[in-house]
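Asks: Handing over my_file_23.pdb, PDB, C-alpha atoms.
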ATOM      1  CA  MET A   1     116.892 124.159 141.521
ATOM      2  CA  LEU A   2     118.511 125.345 138.286
ATOM      3  CA  GLU A   3     116.566 127.501 135.900
ATOM      4  CA  ARG A   4     115.090 125.669 132.953
ATOM      5  CA  LYS A   5     117.544 127.036 130.347
ATOM      6  CA  SER A   6     120.642 127.344 132.558
ATOM      7  CA  LEU A   7     122.424 124.449 130.789
ATOM      8  CA  LYS A   8     122.061 125.908 127.293
ATOM      9  CA  TRP A   9     125.571 127.371 127.186
ATOM     10  CA  PRO A  10     127.376 124.296 128.570
ATOM     11  CA  ILE A  11     125.728 122.182 125.881
ATOM     12  CA  SER A  12     126.623 124.685 123.167
ATOM     13  CA  LEU A  13     130.213 124.782 124.443
ATOM     14  CA  ALA A  14     130.409 120.982 124.430
ATOM     15  CA  ILE A  15     129.222 120.827 120.811
ATOM     16  CA  VAL A  16     131.815 123.423 119.748
ATOM     17  CA  MET A  17     134.526 121.478 121.588
ATOM     18  CA  ILE A  18     133.550 118.245 119.866
ATOM     19  CA  VAL A  19     133.780 119.903 116.451
ATOM     20  CA  LEU A  20     137.185 121.408 117.318
ATOM     21  CA  ILE A  21     138.547 118.118 118.654
ATOM     22  CA  VAL A  22     137.402 116.221 115.565
ATOM     23  CA  GLY A  23     138.994 118.892 113.371
ATOM     24  CA  LEU A  24     142.274 118.800 115.334
ATOM     25  CA  THR A  25     142.313 114.994 115.239
ATOM     26  CA  VAL A  26     141.884 114.908 111.468
ATOM     27  CA  GLY A  27     144.584 117.565 111.078
ATOM     28  CA  TRP A  28     146.946 115.699 113.387
ATOM     29  CA  ILE A  29     146.487 112.490 111.440
ATOM     30  CA  LEU A  30     147.046 114.175 108.085
ATOM     31  CA  VAL A  31     150.193 116.002 109.276
ATOM     32  CA  ASN A  32     151.774 112.855 110.708
ATOM     33  CA  VAL A  33     150.877 110.674 107.745
ATOM     34  CA  PHE A  34     152.293 113.274 105.362
ATOM     35  CA  GLY A  35     155.482 113.588 107.489
ATOM     36  CA  ALA A  36     155.942 109.809 107.637
ATOM     37  CA  ILE A  37     155.565 109.506 103.866
ATOM     38  CA  THR A  38     157.877 112.397 102.944
ATOM     39  CA  ASN A  39     160.532 111.696 105.617
ATOM     40  CA  GLN A  40     161.357 108.019 105.489
ATOM     41  CA  SER A  41     164.225 108.287 108.003
ATOM     42  CA  GLY A  42     161.994 109.712 110.696
ATOM     43  CA  SER A  43     158.863 107.741 109.836
ATOM     44  CA  THR A  44     158.957 105.751 113.091
ATOM     45  CA  LEU A  45     158.726 108.944 115.114
ATOM     46  CA  TYR A  46     155.810 110.186 113.046
ATOM     47  CA  TRP A  47     153.879 106.910 113.337
ATOM     48  CA  THR A  48     154.498 106.790 117.100
ATOM     49  CA  SER A  49     153.379 110.392 117.461
ATOM     50  CA  LEU A  50     150.310 109.633 115.335
ATOM     51  CA  THR A  51     149.342 106.649 117.503
ATOM     52  CA  VAL A  52     149.845 108.378 120.868
ATOM     53  CA  GLY A  53     148.199 111.606 119.716
ATOM     54  CA  SER A  54     145.199 109.793 118.252
ATOM     55  CA  ILE A  55     144.681 107.922 121.513
ATOM     56  CA  MET A  56     144.837 111.169 123.490
ATOM     57  CA  PHE A  57     142.422 112.895 121.142
ATOM     58  CA  ALA A  58     140.039 109.909 121.375
ATOM     59  CA  LEU A  59     140.096 110.068 125.176
ATOM     60  CA  VAL A  60     139.407 113.815 125.182
ATOM     61  CA  LEU A  61     136.608 113.360 122.642
ATOM     62  CA  THR A  62     135.067 110.593 124.757
ATOM     63  CA  GLY A  63     135.136 112.835 127.826
ATOM     64  CA  VAL A  64     133.480 115.711 125.976
ATOM     65  CA  ILE A  65     130.761 113.442 124.572
ATOM     66  CA  LEU A  66     130.057 112.004 128.046
ATOM     67  CA  TYR A  67     129.819 115.544 129.377
ATOM     68  CA  LEU A  68     127.384 116.442 126.602
ATOM     69  CA  VAL A  69     125.207 113.416 127.381
ATOM     70  CA  TRP A  70     125.244 114.291 131.072
ATOM     71  CA  SER A  71     124.283 117.905 130.282
ATOM     72  CA  ILE A  72     121.339 116.789 128.139
ATOM     73  CA  GLN A  73     120.166 114.480 130.923
ATOM     74  CA  GLN A  74     120.376 117.361 133.382
ATOM     75  CA  VAL A  75     118.354 119.586 131.063
ATOM     76  CA  ASP A  76     115.686 116.891 130.798
ATOM     77  CA  LEU A  77     115.644 116.340 134.563
ATOM     78  CA  ASN A  78     115.533 120.082 135.138
ATOM     79  CA  ARG A  79     112.514 120.438 132.862
ATOM     80  CA  ARG A  80     110.704 117.525 134.496
ATOM     81  CA  GLN A  81     111.387 118.896 137.967
ATOM     82  CA  SER A  82     110.011 122.263 136.904
ATOM     83  CA  ASN A  83     106.905 120.563 135.498
ATOM     84  CA  PHE A  84     106.557 118.651 138.758
ATOM     85  CA  LEU A  85     106.662 121.839 140.824
ATOM     86  CA  ASP A  86     104.111 123.450 138.515
ATOM     87  CA  ALA A  87     101.873 120.393 138.826
ATOM     88  CA  VAL A  88     102.116 120.187 142.614
ATOM     89  CA  THR A  89     101.490 123.922 142.917
ATOM     90  CA  HIS A  90      98.406 123.619 140.721
ATOM     91  CA  GLU A  91      97.188 120.492 142.500
ATOM     92  CA  LEU A  92      97.480 122.275 145.850
ATOM     93  CA  LYS A  93      96.183 125.712 144.925
ATOM     94  CA  SER A  94      93.110 124.674 142.924
ATOM     95  CA  PRO A  95      91.344 122.564 145.583
ATOM     96  CA  ILE A  96      92.377 124.920 148.380
ATOM     97  CA  ALA A  97      90.960 127.915 146.505
ATOM     98  CA  SER A  98      87.771 125.980 145.800
ATOM     99  CA  LEU A  99      87.400 124.920 149.434
ATOM    100  CA  LYS A 100      87.964 128.497 150.586
ATOM    101  CA  LEU A 101      85.285 129.788 148.212
ATOM    102  CA  PHE A 102      82.702 127.216 149.323
ATOM    103  CA  LEU A 103      83.407 127.831 153.009
ATOM    104  CA  GLN A 104      83.155 131.610 152.594
ATOM    105  CA  THR A 105      79.865 131.213 150.750
ATOM    106  CA  LEU A 106      78.434 128.936 153.451
ATOM    107  CA  HIS A 107      79.623 131.309 156.167
ATOM    108  CA  ARG A 108      78.343 134.566 154.653
ATOM    109  CA  HIS A 109      75.149 133.548 152.878
ATOM    110  CA  GLU A 110      72.055 131.483 153.451
ATOM    111  CA  VAL A 111      72.174 128.469 151.181
ATOM    112  CA  ASP A 112      69.231 126.214 150.410
ATOM    113  CA  PRO A 113      69.600 122.514 151.345
ATOM    114  CA  ASP A 114      70.086 121.255 147.775
ATOM    115  CA  GLN A 115      72.833 123.755 147.055
ATOM    116  CA  ARG A 116      74.410 123.040 150.420
ATOM    117  CA  ARG A 117      74.575 119.338 149.600
ATOM    118  CA  GLU A 118      76.179 120.177 146.245
ATOM    119  CA  PHE A 119      78.732 122.360 148.036
ATOM    120  CA  TYR A 120      79.553 119.552 150.437
ATOM    121  CA  ARG A 121      80.008 117.093 147.590
ATOM    122  CA  SER A 122      82.317 119.492 145.732
ATOM    123  CA  MET A 123      84.291 120.123 148.910
ATOM    124  CA  MET A 124      84.690 116.377 149.424
ATOM    125  CA  ASP A 125      85.995 116.075 145.852
ATOM    126  CA  ASP A 126      88.589 118.747 146.621
ATOM    127  CA  VAL A 127      89.634 116.971 149.800
ATOM    128  CA  GLU A 128      89.978 113.678 147.909
ATOM    129  CA  ARG A 129      92.093 115.431 145.271
ATOM    130  CA  LEU A 130      94.458 116.664 147.971
ATOM    131  CA  ASP A 131      94.472 113.208 149.538
ATOM    132  CA  ARG A 132      95.473 111.601 146.220
ATOM    133  CA  LEU A 133      98.352 114.033 145.840
ATOM    134  CA  ILE A 134      99.631 113.338 149.350
ATOM    135  CA  THR A 135      99.197 109.583 148.846
ATOM    136  CA  GLN A 136     101.272 109.676 145.662
ATOM    137  CA  LEU A 137     104.059 111.631 147.325
ATOM    138  CA  LEU A 138     104.028 109.162 150.204
ATOM    139  CA  ASP A 139     104.228 106.286 147.713
ATOM    140  CA  VAL A 140     107.478 107.742 146.363
ATOM    141  CA  ALA A 141     108.806 108.047 149.904
ATOM    142  CA  LYS A 142     107.961 104.374 150.513
ATOM    143  CA  LEU A 143     109.952 103.361 147.450
ATOM    144  CA  GLU A 144     113.022 105.206 148.703
ATOM    145  CA  GLN A 145     112.720 103.826 152.239
ATOM    146  CA  ASP A 146     111.923 100.243 151.306
ATOM    147  CA  SER A 147     114.852  98.835 153.278
ATOM    148  CA  ASN A 148     113.316 100.195 156.471
ATOM    149  CA  GLU A 149     109.831  98.852 155.817
ATOM    150  CA  PRO A 150     108.790  96.219 158.365
ATOM    151  CA  GLN A 151     106.274  94.553 156.073
ATOM    152  CA  GLN A 152     107.487  91.275 154.560
ATOM    153  CA  PRO A 153     106.388  89.801 151.207
ATOM    154  CA  SER A 154     103.543  87.278 151.278
ATOM    155  CA  TRP A 155     100.895  85.795 149.015
ATOM    156  CA  VAL A 156      98.434  88.601 148.196
ATOM    157  CA  SER A 157      94.962  88.062 146.716
ATOM    158  CA  LEU A 158      94.838  89.951 143.428
ATOM    159  CA  SER A 159      91.067  89.633 142.997
ATOM    160  CA  GLU A 160      90.320  91.357 146.289
ATOM    161  CA  ILE A 161      92.673  94.252 145.546
ATOM    162  CA  VAL A 162      91.252  94.755 142.047
ATOM    163  CA  GLN A 163      87.661  94.650 143.288
ATOM    164  CA  THR A 164      88.263  97.144 146.103
ATOM    165  CA  THR A 165      90.312  99.482 143.922
ATOM    166  CA  ALA A 166      87.789  99.433 141.084
ATOM    167  CA  GLU A 167      84.907 100.299 143.417
ATOM    168  CA  LYS A 168      86.819 103.230 144.930
ATOM    169  CA  LEU A 169      87.843 104.640 141.549
ATOM    170  CA  LEU A 170      84.342 104.349 140.091
ATOM    171  CA  GLN A 171      83.000 106.210 143.095
ATOM    172  CA  GLN A 172      85.783 108.786 142.895
ATOM    173  CA  TYR A 173      85.143 109.590 139.226
ATOM    174  CA  ARG A 174      81.355 109.095 139.550
ATOM    175  CA  LEU A 175      81.238 106.485 136.810
ATOM    176  CA  SER A 176      78.918 103.566 136.288
ATOM    177  CA  LYS A 177      80.070  99.955 136.438
ATOM    178  CA  ASP A 178      79.623  99.689 132.677
ATOM    179  CA  VAL A 179      82.819 101.682 132.229
ATOM    180  CA  LEU A 180      84.972  98.813 133.529
ATOM    181  CA  THR A 181      85.380  95.323 132.143
ATOM    182  CA  ILE A 182      87.371  93.322 134.692
ATOM    183  CA  GLN A 183      88.397  89.704 134.171
ATOM    184  CA  VAL A 184      90.797  88.379 136.786
ATOM    185  CA  ASP A 185      91.796  84.760 137.249
ATOM    186  CA  PRO A 186      91.513  83.777 140.935
ATOM    187  CA  CYS A 187      95.138  83.952 142.005
ATOM    188  CA  GLU A 188      97.658  85.270 144.502
ATOM    189  CA  VAL A 189     100.787  87.315 143.816
ATOM    190  CA  TRP A 190     103.967  87.102 145.864
ATOM    191  CA  GLY A 191     104.910  90.541 147.179
ATOM    192  CA  LYS A 192     104.004  93.224 149.666
ATOM    193  CA  GLN A 193     100.323  94.043 149.971
ATOM    194  CA  VAL A 194     100.990  97.779 149.675
ATOM    195  CA  ASP A 195     103.076  97.306 146.494
ATOM    196  CA  VAL A 196     100.342  95.376 144.688
ATOM    197  CA  GLU A 197      97.711  97.896 145.801
ATOM    198  CA  ILE A 198      99.771 100.841 144.523
ATOM    199  CA  LEU A 199     100.466  99.066 141.224
ATOM    200  CA  VAL A 200      96.798  98.294 140.517
ATOM    201  CA  ARG A 201      95.550 101.672 141.751
ATOM    202  CA  ASN A 202      97.941 103.734 139.641
ATOM    203  CA  LEU A 203      97.497 101.802 136.396
ATOM    204  CA  LEU A 204      93.714 101.569 136.722
ATOM    205  CA  ASP A 205      93.451 105.237 137.680
ATOM    206  CA  ASN A 206      95.648 106.146 134.705
ATOM    207  CA  ALA A 207      93.436 104.130 132.335
ATOM    208  CA  ILE A 208      90.237 105.763 133.623
ATOM    209  CA  LYS A 209      91.713 109.265 133.635
ATOM    210  CA  TYR A 210      92.892 109.094 130.021
ATOM    211  CA  SER A 211      89.941 107.207 128.536
ATOM    212  CA  GLY A 212      87.843 108.644 125.774
ATOM    213  CA  THR A 213      84.205 109.709 125.721
ATOM    214  CA  PRO A 214      82.381 107.609 126.715
ATOM    215  CA  PRO A 215      85.130 105.942 128.766
ATOM    216  CA  ALA A 216      85.786 102.222 128.424
ATOM    217  CA  VAL A 217      88.490 100.421 130.408
ATOM    218  CA  LEU A 218      89.591  96.800 130.311
ATOM    219  CA  LEU A 219      91.534  95.065 133.075
ATOM    220  CA  GLN A 220      92.524  91.460 132.493
ATOM    221  CA  ALA A 221      94.746  89.255 134.634
ATOM    222  CA  THR A 222      95.615  85.820 133.302
ATOM    223  CA  VAL A 223      97.736  83.125 134.926
ATOM    224  CA  SER A 224      99.811  80.988 132.560
ATOM    225  CA  ASN A 225      99.051  77.269 132.386
ATOM    226  CA  ASP A 226     102.219  76.341 134.289
ATOM    227  CA  GLU A 227     101.644  79.147 136.844
ATOM    228  CA  SER A 228     105.009  80.666 135.961
ATOM    229  CA  GLU A 229     103.680  84.087 135.008
ATOM    230  CA  LEU A 230     100.826  86.514 135.591
ATOM    231  CA  ARG A 231      99.864  88.716 132.642
ATOM    232  CA  MET A 232      97.930  91.863 133.510
ATOM    233  CA  VAL A 233      96.469  94.157 130.845
ATOM    234  CA  PHE A 234      95.218  97.696 131.518
ATOM    235  CA  GLN A 235      93.613  99.141 128.393
ATOM    236  CA  ASP A 236      91.693 102.365 127.725
ATOM    237  CA  ASN A 237      89.975 103.905 124.702
ATOM    238  CA  GLY A 238      91.694 107.306 124.830
ATOM    239  CA  ILE A 239      94.043 108.983 122.370
ATOM    240  CA  GLY A 240      96.894 106.600 123.138
ATOM    241  CA  ILE A 241     100.600 107.221 123.707
ATOM    242  CA  PRO A 242     102.973 108.114 120.829
ATOM    243  CA  ARG A 243     105.530 105.415 120.161
ATOM    244  CA  HIS A 244     108.528 107.676 120.843
ATOM    245  CA  LEU A 245     107.217 108.500 124.343
ATOM    246  CA  ARG A 246     106.457 104.970 125.544
ATOM    247  CA  ARG A 247     109.684 104.751 127.521
ATOM    248  CA  ALA A 248     109.861 108.381 128.612
ATOM    249  CA  ILE A 249     106.517 108.247 130.447
ATOM    250  CA  PHE A 250     108.069 106.006 133.122
ATOM    251  CA  ARG A 251     110.652 108.611 134.142
ATOM    252  CA  ARG A 252     110.336 110.506 137.393
ATOM    253  CA  PHE A 253     108.281 113.740 137.012
ATOM    254  CA  TYR A 254     107.722 113.146 133.283
ATOM    255  CA  ARG A 255     104.559 114.546 131.701
ATOM    256  CA  VAL A 256     104.013 115.439 128.073
ATOM    257  CA  GLY A 257     103.816 119.111 127.162
ATOM    258  CA  ASN A 258     103.553 122.288 129.222
ATOM    259  CA  GLU A 259     102.349 121.732 132.764
ATOM    260  CA  LEU A 260     100.329 124.960 132.826
ATOM    261  CA  GLU A 261      98.344 123.973 129.723
ATOM    262  CA  ARG A 262      97.110 120.558 130.834
ATOM    263  CA  THR A 263      93.515 119.497 131.305
ATOM    264  CA  LYS A 264      94.303 116.317 133.282
ATOM    265  CA  PRO A 265      95.560 116.553 136.878
ATOM    266  CA  GLY A 266      98.742 114.739 137.859
ATOM    267  CA  THR A 267     102.342 115.059 138.991
ATOM    268  CA  GLY A 268     104.264 112.747 136.657
ATOM    269  CA  LEU A 269     104.977 110.254 139.454
ATOM    270  CA  GLY A 270     102.332 107.569 138.927
ATOM    271  CA  LEU A 271     104.016 105.541 136.185
ATOM    272  CA  PHE A 272     107.447 106.077 137.725
ATOM    273  CA  ILE A 273     106.122 104.468 140.929
ATOM    274  CA  VAL A 274     104.551 101.632 138.935
ATOM    275  CA  ARG A 275     107.794 100.828 137.113
ATOM    276  CA  ALA A 276     109.785 100.842 140.362
ATOM    277  CA  ILE A 277     107.326  98.481 142.064
ATOM    278  CA  ILE A 278     107.164  96.091 139.106
ATOM    279  CA  LYS A 279     110.960  95.981 139.011
ATOM    280  CA  ARG A 280     110.970  95.179 142.730
ATOM    281  CA  LEU A 281     108.469  92.368 142.104
ATOM    282  CA  GLY A 282     110.781  90.953 139.424
ATOM    283  CA  GLY A 283     108.402  91.749 136.572
ATOM    284  CA  THR A 284     108.272  93.895 133.447
ATOM    285  CA  ILE A 285     105.914  96.474 131.936
ATOM    286  CA  ARG A 286     105.488  97.673 128.383
ATOM    287  CA  VAL A 287     103.119  99.913 126.443
ATOM    288  CA  GLU A 288     101.336  98.699 123.345
ATOM    289  CA  GLU A 289      98.919 100.173 120.820
ATOM    290  CA  PRO A 290      95.778  98.046 120.404
ATOM    291  CA  ALA A 291      95.440  96.778 116.847
ATOM    292  CA  LYS A 292      91.635  96.876 116.616
ATOM    293  CA  SER A 293      90.781  99.878 118.771
ATOM    294  CA  LYS A 294      92.224 103.205 119.816
ATOM    295  CA  GLY A 295      93.796 103.899 123.181
ATOM    296  CA  ALA A 296      96.766 102.644 125.164
ATOM    297  CA  ARG A 297      97.499  99.217 126.582
ATOM    298  CA  PHE A 298      99.840  98.606 129.519
ATOM    299  CA  VAL A 299     100.987  94.991 129.801
ATOM    300  CA  VAL A 300     102.476  93.856 133.119
ATOM    301  CA  LEU A 301     104.220  90.501 133.539
ATOM    302  CA  LEU A 302     104.866  89.206 137.068
ATOM    303  CA  PRO A 303     106.808  85.971 137.680
ATOM    304  CA  GLN A 304     105.619  84.858 141.138
ATOM    305  CA  VAL A 305     101.971  83.816 141.068
ATOM    306  CA  ARG A 306      99.848  80.873 142.098
ATOM    307  CA  ARG A 307      96.352  79.985 140.999
ATOM    308  CA  LEU A 308      93.671  79.588 143.654
ATOM    309  CA  SER A 309      91.630  76.420 143.754
ATOM    310  CA  THR A 310      88.360  78.357 144.028
ATOM    311  CA  THR A 311      85.991  78.315 141.096
ATOM    312  CA  ASN A 312      84.636  81.816 141.532
ATOM    313  CA  PRO A 313      83.695  83.483 138.201
ATOM    314  CA  PRO A 314      85.909  86.319 136.941
ATOM    315  CA  LEU A 315      85.155  89.783 138.236
ATOM    316  CA  SER A 316      83.055  91.558 135.626
ATOM    317  CA  PRO A 317      81.394  94.831 136.655
ATOM    318  CA  SER A 318      80.563  95.630 133.041
ATOM    319  CA  VAL A 319      77.317  94.279 131.617
ATOM    320  CA  THR A 320      78.276  95.050 128.015
ATOM    321  CA  PRO A 321      82.045  94.808 127.558
ATOM    322  CA  PRO A 322      83.686  97.186 125.087
ATOM    323  CA  THR A 323      85.212  95.697 121.950
ATOM    324  CA  TYR A 324      88.843  94.727 122.470
ATOM    325  CA  GLU A 325      91.128  92.351 120.675
ATOM    326  CA  HIS A 326      92.338  89.336 122.583
ATOM    327  CA  PRO A 327      95.134  90.292 125.015
ATOM    328  CA  HIS A 328      97.453  87.649 123.617
ATOM    329  CA  ASP A 329      97.468  89.143 120.121
ATOM    330  CA  HIS A 330     100.688  91.012 120.967
ATOM    331  CA  ALA A 331     102.263  88.354 123.144
TER     332      ALA A 331
END
Will you turn the file into structure tokens for me?
Replies:
Amino acid sequence: MLERKSLKWPISLAIVMIVLIVGLTVGWILVNVFGAITNQSGSTLYWTSLTVGSIMFALVLTGVILYLVWSIQQVDLNRRQSNFLDAVTHELKSPIASLKLFLQTLHRHEVDPDQRREFYRSMMDDVERLDRLITQLLDVAKLEQDSNEPQQPSWVSLSEIVQTTAEKLLQQYRLSKDVLTIQVDPCEVWGKQVDVEILVRNLLDNAIKYSGTPPAVLLQATVSNDESELRMVFQDNGIGIPRHLRRAIFRRFYRVGNELERTKPGTGLGLFIVRAIIKRLGGTIRVEEPAKSKGARFVVLLPQVRRLSTTNPPLSPSVTPPTYEHPHDHA
């Protein structure tokens, strides 16, 4: 992989070339216009030369600008790839070092039962952290090998996936049910089971991970009256996402800031995977800022949904829901 600043000189060269081309173009135009005005007999030649030369300069300028844009994109990709490698290295080394320390302690010293149980619990957390990393990398591989996947789309129960995913994440982060407010219309989504599971898991995990203190997460899924659209809302009470980054966060490997200075684990692949899956399902996703509370709100719209005839009440693990504005305020 290229070093992080290896494209600095090509970009600088492109900027200098653009300035020179613009200067030459202006000079060329002035010379030909002046020649056409002062030499009436040869004005046709000057105007022809002006036209052809201007077109050539415009083509060269276009090529240089495209090269500059490409170089900037490569710099951005290079930085994100470097952040990704830093993140994966950290995500691998930290749990492995922790596991090694616990195992060495258990092997060399006598540990009382309570401390042993605490060691085992911490070791299980480290194993789950490694498992999440591997799962995310495998999710990316599934996206790239979708054409070879044997699984065919079908009607998938959204309520069951949300319930199972919520229980696993609450257990993983050791949170009480009061953290989550889940309201899901009984419905089915058309797509692959694994795609819907990955979508819900990543967005719900993201909302929990970046919630405030105490954490409060809202997940709502509402079917339109004519069953033409499913609207899913994932909202947290964290610091939110700056407006100028609300598109960048869906890029591959993208994470804000320096990878070595982060407090939240991650690889920058979760939202990239989510966007790819939603696109495959024919839907859209956008980020909003709640009007009456802090945090971030991810709104997912999926076109292929059908309401179930059951009259089961909405899933609601939270006894006292946090205060949120109605999800249709920004519709």
Asks: In Å to one decimal, how far is atom CA of Pro215 of chain A from atom CA of Pro290 of chain A?
Replies: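 Atom-to-atom, atom CA of Pro290 of chain A to atom CA of Pro215 of chain A, that is 15.7 Å.
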Asks: Find, counting only C-alpha atoms, the residue in A:Asp195, A:Ser211, A:Val162, A:Ser154 that gets nearest to Val179 of chain A.
Replies: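 Checking each of A:Asp195, A:Ser211, A:Val162, A:Ser154 against Val179 of chain A, counting only C-alpha atoms, the winner is A:Ser211.
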Asks: Between A:Leu169, A:Met124, A:Leu230, A:Val60, which has the minimum distance to Asn202 of chain A (counting all atoms listed in the file)?
Replies: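 Residue with the minimum atom-to-atom distance to Asn202 of chain A: A:Leu169.
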Asks: Can you give me, as a PyMOL selection string, the residues this file yields under the PyMOL selection byres ((chain A and resi 200) around 12)?
Replies: chain A and resi 158-166+168-169+193-199+201-207+219-221+232-234+270-271+273-275+277-278+298-300
Asks: The PyMOL selection byres ((chain A and resi 32-35) around 10) on the file shown: which residues, as an MDAnalysis selection string?
Replies: chainID A and resid 27:31 36:40 42:43 45:51 53
Asks: To one decimal in Å, tell me the separation between atom CA of Leu175 of chain A and atom CA of Arg121 of chain A.
Replies: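 Here the two named atoms are 15.2 Å from each other.
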Asks: Around all listed atoms of segment 193-205 of chain A, padded 5 Å per side, what centre and edge lengths does the axis-aligned box have in Å to one decimal, as AutoDock Vina command-line options?
Replies:
--center_x 98.3 --center_y 99.6 --center_z 143.2 --size_x 19.6 --size_y 21.2 --size_z 23.6
Asks: Please enumerate the residues selected by the PyMOL selection byres ((chain A and resi 287) around 10) when evaluated against the supplied file, formatted as number ranges by chain.
Replies: A: 233-235, 240-243, 245-247, 249, 285-286, 288-290, 296-300
Asks: Can you patch up segment 211-228 of chain A, filling it in to N, CA and C atoms, and show the result as an mmCIF file, in the coordinates of the input?
Replies:
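Final output, saved to rebuild-v7.cif:
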data_model
loop_
_atom_site.group_PDB
_atom_site.id
_atom_site.type_symbol
_atom_site.label_atom_id
_atom_site.label_comp_id
_atom_site.auth_asym_id
_atom_site.auth_seq_id
_atom_site.Cartn_x
_atom_site.Cartn_y
_atom_site.Cartn_z
ATOM 1 N N SER A 211 90.869 107.853 129.453
ATOM 2 C CA SER A 211 89.941 107.207 128.536
ATOM 3 C C SER A 211 89.224 108.245 127.688
ATOM 4 N N GLY A 212 88.573 107.756 126.658
ATOM 5 C CA GLY A 212 87.843 108.644 125.774
ATOM 6 C C GLY A 212 86.444 108.938 126.290
ATOM 7 N N THR A 213 85.592 109.395 125.386
ATOM 8 C CA THR A 213 84.205 109.709 125.721
ATOM 9 C C THR A 213 83.288 108.943 124.778
ATOM 10 N N PRO A 214 82.455 108.024 125.303
ATOM 11 C CA PRO A 214 82.381 107.609 126.715
ATOM 12 C C PRO A 214 83.585 106.739 127.080
ATOM 13 N N PRO A 215 83.965 106.731 128.353
ATOM 14 C CA PRO A 215 85.130 105.942 128.766
ATOM 15 C C PRO A 215 84.849 104.447 128.736
ATOM 16 N N ALA A 216 85.867 103.685 128.407
ATOM 17 C CA ALA A 216 85.786 102.222 128.424
ATOM 18 C C ALA A 216 87.155 101.682 128.800
ATOM 19 N N VAL A 217 87.224 100.926 129.875
ATOM 20 C CA VAL A 217 88.490 100.421 130.408
ATOM 21 C C VAL A 217 88.420 98.909 130.573
ATOM 22 N N LEU A 218 89.472 98.247 130.163
ATOM 23 C CA LEU A 218 89.591 96.800 130.311
ATOM 24 C C LEU A 218 90.737 96.468 131.250
ATOM 25 N N LEU A 219 90.484 95.591 132.212
ATOM 26 C CA LEU A 219 91.534 95.065 133.075
ATOM 27 C C LEU A 219 91.434 93.549 133.043
ATOM 28 N N GLN A 220 92.471 92.916 132.544
ATOM 29 C CA GLN A 220 92.524 91.460 132.493
ATOM 30 C C GLN A 220 93.762 90.969 133.228
ATOM 31 N N ALA A 221 93.614 89.890 133.952
ATOM 32 C CA ALA A 221 94.746 89.255 134.634
ATOM 33 C C ALA A 221 94.649 87.761 134.390
ATOM 34 N N THR A 222 95.648 87.221 133.707
ATOM 35 C CA THR A 222 95.615 85.820 133.302
ATOM 36 C C THR A 222 96.856 85.102 133.810
ATOM 37 N N VAL A 223 96.638 83.957 134.438
ATOM 38 C CA VAL A 223 97.736 83.125 134.926
ATOM 39 C C VAL A 223 98.089 82.105 133.853
ATOM 40 N N SER A 224 99.375 81.963 133.562
ATOM 41 C CA SER A 224 99.811 80.988 132.560
ATOM 42 C C SER A 224 99.488 79.571 133.024
ATOM 43 N N ASN A 225 99.435 78.656 132.078
ATOM 44 C CA ASN A 225 99.051 77.269 132.386
ATOM 45 C C ASN A 225 99.972 76.623 133.414
ATOM 46 N N ASP A 226 101.270 76.935 133.344
ATOM 47 C CA ASP A 226 102.219 76.341 134.289
ATOM 48 C C ASP A 226 102.428 77.206 135.536
ATOM 49 N N GLU A 227 101.596 78.249 135.684
ATOM 50 C CA GLU A 227 101.644 79.147 136.844
ATOM 51 C C GLU A 227 103.030 79.799 137.014
ATOM 52 N N SER A 228 103.695 80.028 135.897
ATOM 53 C CA SER A 228 105.009 80.666 135.961
ATOM 54 C C SER A 228 104.935 82.172 135.756
#
